[in-house]
Structure formats: structure tokens, C-alpha cells
$ cat protein_27.cif   # mmCIF, C-alpha atoms
data_entry
loop_
_atom_site.label_atom_id
_atom_site.label_comp_id
_atom_site.auth_asym_id
_atom_site.auth_seq_id
_atom_site.Cartn_x
_atom_site.Cartn_y
_atom_site.Cartn_z
CA MET A 11 -24.10 44.82 74.31
CA GLU A 12 -23.68 41.11 74.99
CA THR A 13 -25.48 38.45 72.97
CA ASN A 14 -27.70 37.24 75.81
CA THR A 15 -28.67 40.84 76.66
CA LEU A 16 -29.54 41.65 73.07
CA THR A 17 -31.38 38.36 72.64
CA SER A 18 -33.43 38.88 75.78
CA LEU A 19 -34.27 42.44 74.76
CA ALA A 20 -35.39 41.34 71.31
CA LYS A 21 -38.92 40.23 72.06
CA LEU A 22 -39.87 39.40 68.52
CA ASP A 23 -43.34 37.95 69.00
CA GLY A 24 -45.66 40.88 68.39
CA TYR A 25 -42.92 43.37 69.14
CA GLN A 26 -44.02 46.90 69.89
CA THR A 27 -42.03 49.59 68.18
CA MET A 28 -41.06 52.69 70.12
CA GLY A 29 -40.59 54.52 66.84
CA VAL A 30 -38.20 54.61 63.95
CA SER A 31 -34.59 55.57 64.58
CA THR A 32 -33.62 58.69 62.66
CA ILE A 33 -30.05 57.36 62.44
CA THR A 34 -30.71 53.77 61.31
CA GLY A 35 -34.23 53.83 59.86
CA SER A 36 -35.05 50.68 61.81
CA ASN A 37 -37.89 50.09 64.29
CA VAL A 38 -36.61 50.65 67.83
CA ILE A 39 -38.02 48.07 70.27
CA GLN A 40 -35.83 48.78 73.32
CA SER A 41 -33.91 51.83 74.45
CA LEU A 42 -31.78 52.66 77.47
CA GLN A 43 -30.50 56.19 78.12
CA LEU A 44 -27.14 56.20 79.93
CA PRO A 45 -25.99 59.02 82.24
CA THR A 46 -23.14 59.66 79.77
CA GLY A 47 -25.69 60.73 77.16
CA TRP A 48 -25.41 57.61 75.02
CA ASN A 49 -28.62 55.83 74.13
CA LEU A 50 -28.34 52.04 73.76
CA GLN A 51 -30.95 50.76 71.35
CA VAL A 52 -32.24 47.49 69.98
CA ALA A 53 -34.03 47.75 66.68
CA VAL A 54 -35.59 45.30 64.25
CA ARG A 55 -36.14 45.10 60.51
CA GLU A 56 -38.06 42.46 58.62
CA LEU A 57 -36.42 40.82 55.64
CA LYS A 58 -38.57 38.33 53.70
CA GLY A 59 -39.18 35.82 56.51
CA LEU A 60 -36.30 36.95 58.70
CA TYR A 61 -35.95 39.35 61.59
CA ILE A 62 -32.79 41.44 61.55
CA VAL A 63 -32.09 42.70 65.09
CA GLU A 64 -29.49 45.44 65.46
CA GLY A 65 -27.84 46.60 68.67
CA PHE A 66 -26.31 50.05 68.54
CA ALA A 67 -25.29 53.00 70.67
CA GLN A 68 -26.48 56.40 69.56
CA GLY A 69 -24.91 59.68 70.65
CA VAL A 70 -25.72 63.22 69.63
CA ALA A 71 -24.08 63.03 66.22
CA LYS A 72 -22.70 59.50 66.08
CA ALA A 73 -23.90 55.92 66.24
CA TYR A 74 -21.91 52.73 66.72
CA LEU A 75 -23.06 49.29 65.62
CA SER A 76 -22.42 46.62 68.25
CA GLN A 77 -24.17 43.45 67.12
CA ILE A 78 -26.56 41.98 64.56
CA LEU A 79 -28.75 38.94 65.13
CA ILE A 80 -30.67 37.22 62.33
CA TYR A 81 -33.68 35.11 63.26
CA SER A 82 -36.11 33.01 61.26
CA LYS A 83 -39.47 34.74 61.48
CA ASP A 84 -41.38 31.44 61.55
CA ASP A 85 -39.83 29.68 64.52
CA LYS A 86 -37.44 32.34 65.89
CA THR A 87 -34.40 30.14 65.22
CA LEU A 88 -31.20 32.17 65.55
CA LEU A 89 -29.43 31.96 62.19
CA ALA A 90 -26.58 34.34 62.85
CA ASP A 91 -24.99 36.25 65.68
CA ILE A 92 -22.69 38.83 64.13
CA GLN A 93 -20.25 40.36 66.60
CA VAL A 94 -19.25 43.71 65.16
CA PRO A 95 -15.77 45.05 66.01
CA HIS A 96 -15.77 47.67 68.79
CA GLY A 97 -15.91 51.21 67.43
CA THR A 98 -17.67 50.35 64.15
CA ASP A 99 -19.62 53.37 62.93
CA TYR A 100 -23.26 52.63 62.20
CA THR A 101 -24.26 53.16 58.61
CA ARG A 102 -26.95 51.28 56.77
CA HIS A 103 -24.29 50.28 54.22
CA THR A 104 -22.12 48.77 56.96
CA ALA A 105 -24.99 46.81 58.52
CA ALA A 106 -26.20 45.62 55.10
CA SER A 107 -22.68 44.48 54.19
CA TYR A 108 -22.31 42.39 57.37
CA ILE A 109 -25.73 40.83 56.79
CA THR A 110 -25.09 40.12 53.11
CA ASP A 111 -21.78 38.40 53.85
CA GLU A 112 -23.18 36.37 56.74
CA LEU A 113 -26.31 35.20 54.91
CA THR A 114 -24.33 34.33 51.77
CA ASN A 115 -21.80 32.30 53.78
CA TYR A 116 -24.53 30.65 55.84
CA ILE A 117 -26.50 29.57 52.76
CA CYS A 118 -23.35 28.20 51.10
CA ARG A 119 -22.41 26.24 54.25
CA ALA A 120 -25.94 24.85 54.45
CA CYS A 121 -25.71 23.74 50.80
CA GLU A 122 -22.37 22.06 51.44
CA LYS A 123 -23.70 20.20 54.48
CA THR A 124 -26.71 18.90 52.57
CA GLY A 125 -24.85 18.15 49.34
CA GLU A 126 -26.78 20.77 47.34
CA THR A 127 -25.05 22.25 44.33
CA TYR A 128 -24.93 26.02 44.31
CA ASP A 129 -23.58 29.04 42.49
CA ILE A 130 -22.04 31.34 45.09
CA GLN A 131 -22.29 34.40 42.82
CA GLN A 132 -25.99 33.79 42.18
CA ILE A 133 -26.62 33.37 45.91
CA LYS A 134 -24.67 36.55 46.71
CA ASN A 135 -26.46 38.58 44.02
CA ASN A 136 -29.87 37.45 45.30
CA VAL A 137 -28.96 38.17 48.91
CA ILE A 138 -27.59 41.61 47.95
CA ARG A 139 -30.85 42.43 46.15
CA LEU A 140 -33.00 41.43 49.14
CA VAL A 141 -30.85 43.13 51.77
CA ASP A 142 -30.49 46.24 49.64
CA ASP A 143 -34.26 46.50 49.29
CA CYS A 144 -34.71 45.99 53.05
CA TYR A 145 -32.28 48.75 53.98
CA PHE A 146 -32.76 51.27 51.18
CA HIS A 147 -36.22 50.98 49.59
CA GLU A 148 -37.55 54.11 51.28
CA SER A 149 -34.47 56.08 50.21
CA TYR A 150 -34.90 54.88 46.64
CA ASP A 151 -38.56 55.91 46.70
CA ALA A 152 -37.65 59.35 48.07
CA ALA A 153 -34.92 59.81 45.45
CA LEU A 154 -37.33 58.92 42.63
CA THR A 155 -39.98 61.27 43.99
CA TRP A 156 -37.43 64.06 44.16
CA ALA A 157 -36.05 63.33 40.68
CA LYS A 158 -39.53 63.38 39.18
CA GLY A 159 -40.40 66.54 41.12
CA VAL A 160 -37.46 68.50 39.76
CA GLY A 161 -37.86 67.20 36.21
CA ILE A 162 -34.88 64.88 35.96
CA PHE A 163 -37.24 62.48 34.16
#
$ encode --input "protein_27.cif" --output "C-alpha cells"
Amino acid sequence: METNTLTSLAKLDGYQTMGVSTITGSNVIQSLQLPTGWNLQVAVRELKGLYIVEGFAQGVAKAYLSQILIYSKDDKTLLADIQVPHGTDYTRHTAASYITDELTNYICRACEKTGETYDIQQIKNNVIRLVDDCYFHESYDAALTWAKGVGIF
């Protein structure tokens, strides 16, 4: 999926979700079924004042990540356009890793441009915590519910 296609599909103002993807856990806002059986999807997650827009292709038992866009929620400024290498399997861990690296690098570059002092490890740790919560909070909740239900604690 090309950047301009993904950008035009990502109508972020009052977006209407078509449902939650069972593969990605994100809110699908656009979907196109191809004759080959592949389903091209655009999905969005919200991350503390940011929109994370993912483009991916979903097959019967496989999904490929194609692109990630990061927008400011306030003014819809595009902060990052992450071109994912062709053939990258979609996993939440993969998407979260790309986002963590991009946001960490972006924040550090912004600090350098403005002369701000920064601790790259502190920035990375904080970004990891936020992205991790965005991508995995429901899984953590489910794991805790299960653990309590079977008497682990």
C-alpha cells in the first residue's frame, strides 16, 4: 500500500470502526477484499495523543505489515511514515518495535534540533512503556484474569 493511498484511507476525524481485527487487535477503518483472497486493511490505534495507523494484508492464516503512519491526534500532523520491508509478518511485537524505535529516534532528533538535553535510555524506556500498554494491555488483563481464575495467585 502506498503512502498516499494509506493516508487518504485513514480518515481520522471521527473515524468509524468496521470492527476489531482478530489478527492485529486494532480497529479496522478500511478494508478491501481482493480476488486473490487477500484482504487489505487499514486500522488505527490510539496512543496517548497519537493515532497509529497500520496498513496490512490479511490472508487466511497469515498477515503482512506494509506500513505504519503516526499522527498527532490534535492537529493530524504526520510524525512518522514507516515503510516496512516487503514480506514482513504482522505481529503486534513487530509493529510495536517499529513504533518504539521511530518515536524514540524522532524525539531525540527533536531534542537535538531545539538544543534540549535528553537521556536516550529514559526516552526509550518511557516510549516502550507507552507502546507496550497500547499494544498489549488487553492481553495482560486477560492473562491476569486467567492466572487468578486458576489459582496462580
$ resolve_selection --input "protein_27.cif" --expression "the PyMOL selection byres ((chain A and resi 81) around 9)" --output "ChimeraX atom specification"
/A:59-63,79-80,82-90
$ resolve_selection --input "protein_27.cif" --expression "the PyMOL selection byres ((chain A and resi 118) around 12)" --output "PDB file with C-alpha atoms, keeping the file's coordinate frame"
ATOM      1  CA  ASP A 111     -21.780  38.400  53.850  1.00  0.00           C
ATOM      2  CA  GLU A 112     -23.180  36.370  56.740  1.00  0.00           C
ATOM      3  CA  LEU A 113     -26.310  35.200  54.910  1.00  0.00           C
ATOM      4  CA  THR A 114     -24.330  34.330  51.770  1.00  0.00           C
ATOM      5  CA  ASN A 115     -21.800  32.300  53.780  1.00  0.00           C
ATOM      6  CA  TYR A 116     -24.530  30.650  55.840  1.00  0.00           C
ATOM      7  CA  ILE A 117     -26.500  29.570  52.760  1.00  0.00           C
ATOM      8  CA  ARG A 119     -22.410  26.240  54.250  1.00  0.00           C
ATOM      9  CA  ALA A 120     -25.940  24.850  54.450  1.00  0.00           C
ATOM     10  CA  CYS A 121     -25.710  23.740  50.800  1.00  0.00           C
ATOM     11  CA  GLU A 122     -22.370  22.060  51.440  1.00  0.00           C
ATOM     12  CA  LYS A 123     -23.700  20.200  54.480  1.00  0.00           C
ATOM     13  CA  THR A 124     -26.710  18.900  52.570  1.00  0.00           C
ATOM     14  CA  GLY A 125     -24.850  18.150  49.340  1.00  0.00           C
ATOM     15  CA  GLU A 126     -26.780  20.770  47.340  1.00  0.00           C
ATOM     16  CA  THR A 127     -25.050  22.250  44.330  1.00  0.00           C
ATOM     17  CA  TYR A 128     -24.930  26.020  44.310  1.00  0.00           C
ATOM     18  CA  ASP A 129     -23.580  29.040  42.490  1.00  0.00           C
ATOM     19  CA  ILE A 130     -22.040  31.340  45.090  1.00  0.00           C
ATOM     20  CA  GLN A 131     -22.290  34.400  42.820  1.00  0.00           C
ATOM     21  CA  GLN A 132     -25.990  33.790  42.180  1.00  0.00           C
ATOM     22  CA  ILE A 133     -26.620  33.370  45.910  1.00  0.00           C
ATOM     23  CA  LYS A 134     -24.670  36.550  46.710  1.00  0.00           C
ATOM     24  CA  VAL A 137     -28.960  38.170  48.910  1.00  0.00           C
TER      25      VAL A 137
END
$ resolve_selection --input "protein_27.cif" --expression "the PyMOL selection byres ((chain A and resi 67) around 6)" --output "NGL selection string"
:A and (49-50 or 66 or 68 or 73-74)
$ atom_distance --input "protein_27.cif" --atom1 "CA of Arg55 (chain A)" --atom2 "CA of Tyr145 (chain A)"
8.4 Å
$ closest_residue --input "protein_27.cif" --among "A:Val38, A:Arg102, A:Val160, A:Gln51" --to "His147 (chain A)" --atoms "all atoms listed in the file"
A:Arg102
$ axis_aligned_box --input "protein_27.cif" --around "region 23-39 of chain A" --padding-each-side "5 Å" --output "JSON"
{"center_x": -37.9, "center_y": 48.3, "center_z": 65.1, "size_x": 25.6, "size_y": 30.7, "size_z": 20.4}
$ residues_near_point --input "protein_27.cif" --point "(-34.6, 50.2, 51.5)" --cutoff "12 Å" --atoms "all atoms listed in the file" --output "VMD selection string"
chain A and resid 34 to 36 55 to 57 102 to 103 106 138 to 153
$ closest_residue --input "protein_27.cif" --among "A:Asn135, A:Ser76, A:Thr155, A:Ser41" --to "Met28 (chain A)" --atoms "only C-alpha atoms"
A:Ser41
$ atom_distance --input "protein_27.cif" --atom1 "CA of Tyr108 (chain A)" --atom2 "CA of His96 (chain A)"
14.2 Å
$ atom_distance --input "protein_27.cif" --atom1 "CA of Thr104 (chain A)" --atom2 "CA of Asp91 (chain A)"
15.5 Å
$ closest_residue --input "protein_27.cif" --among "A:Ala71, A:Trp48, A:Lys158, A:Val54" --to "Gln26 (chain A)" --atoms "only C-alpha atoms"
A:Val54
$ closest_residue --input "protein_27.cif" --among "A:Ile39, A:Leu154, A:Ile33, A:Leu75" --to "Ala53 (chain A)" --atoms "all atoms listed in the file"
A:Ile39
$ closest_residue --input "protein_27.cif" --among "A:Tyr25, A:Gly65, A:Tyr100, A:Ile109" --to "Leu42 (chain A)" --atoms "all atoms listed in the file"
A:Gly65
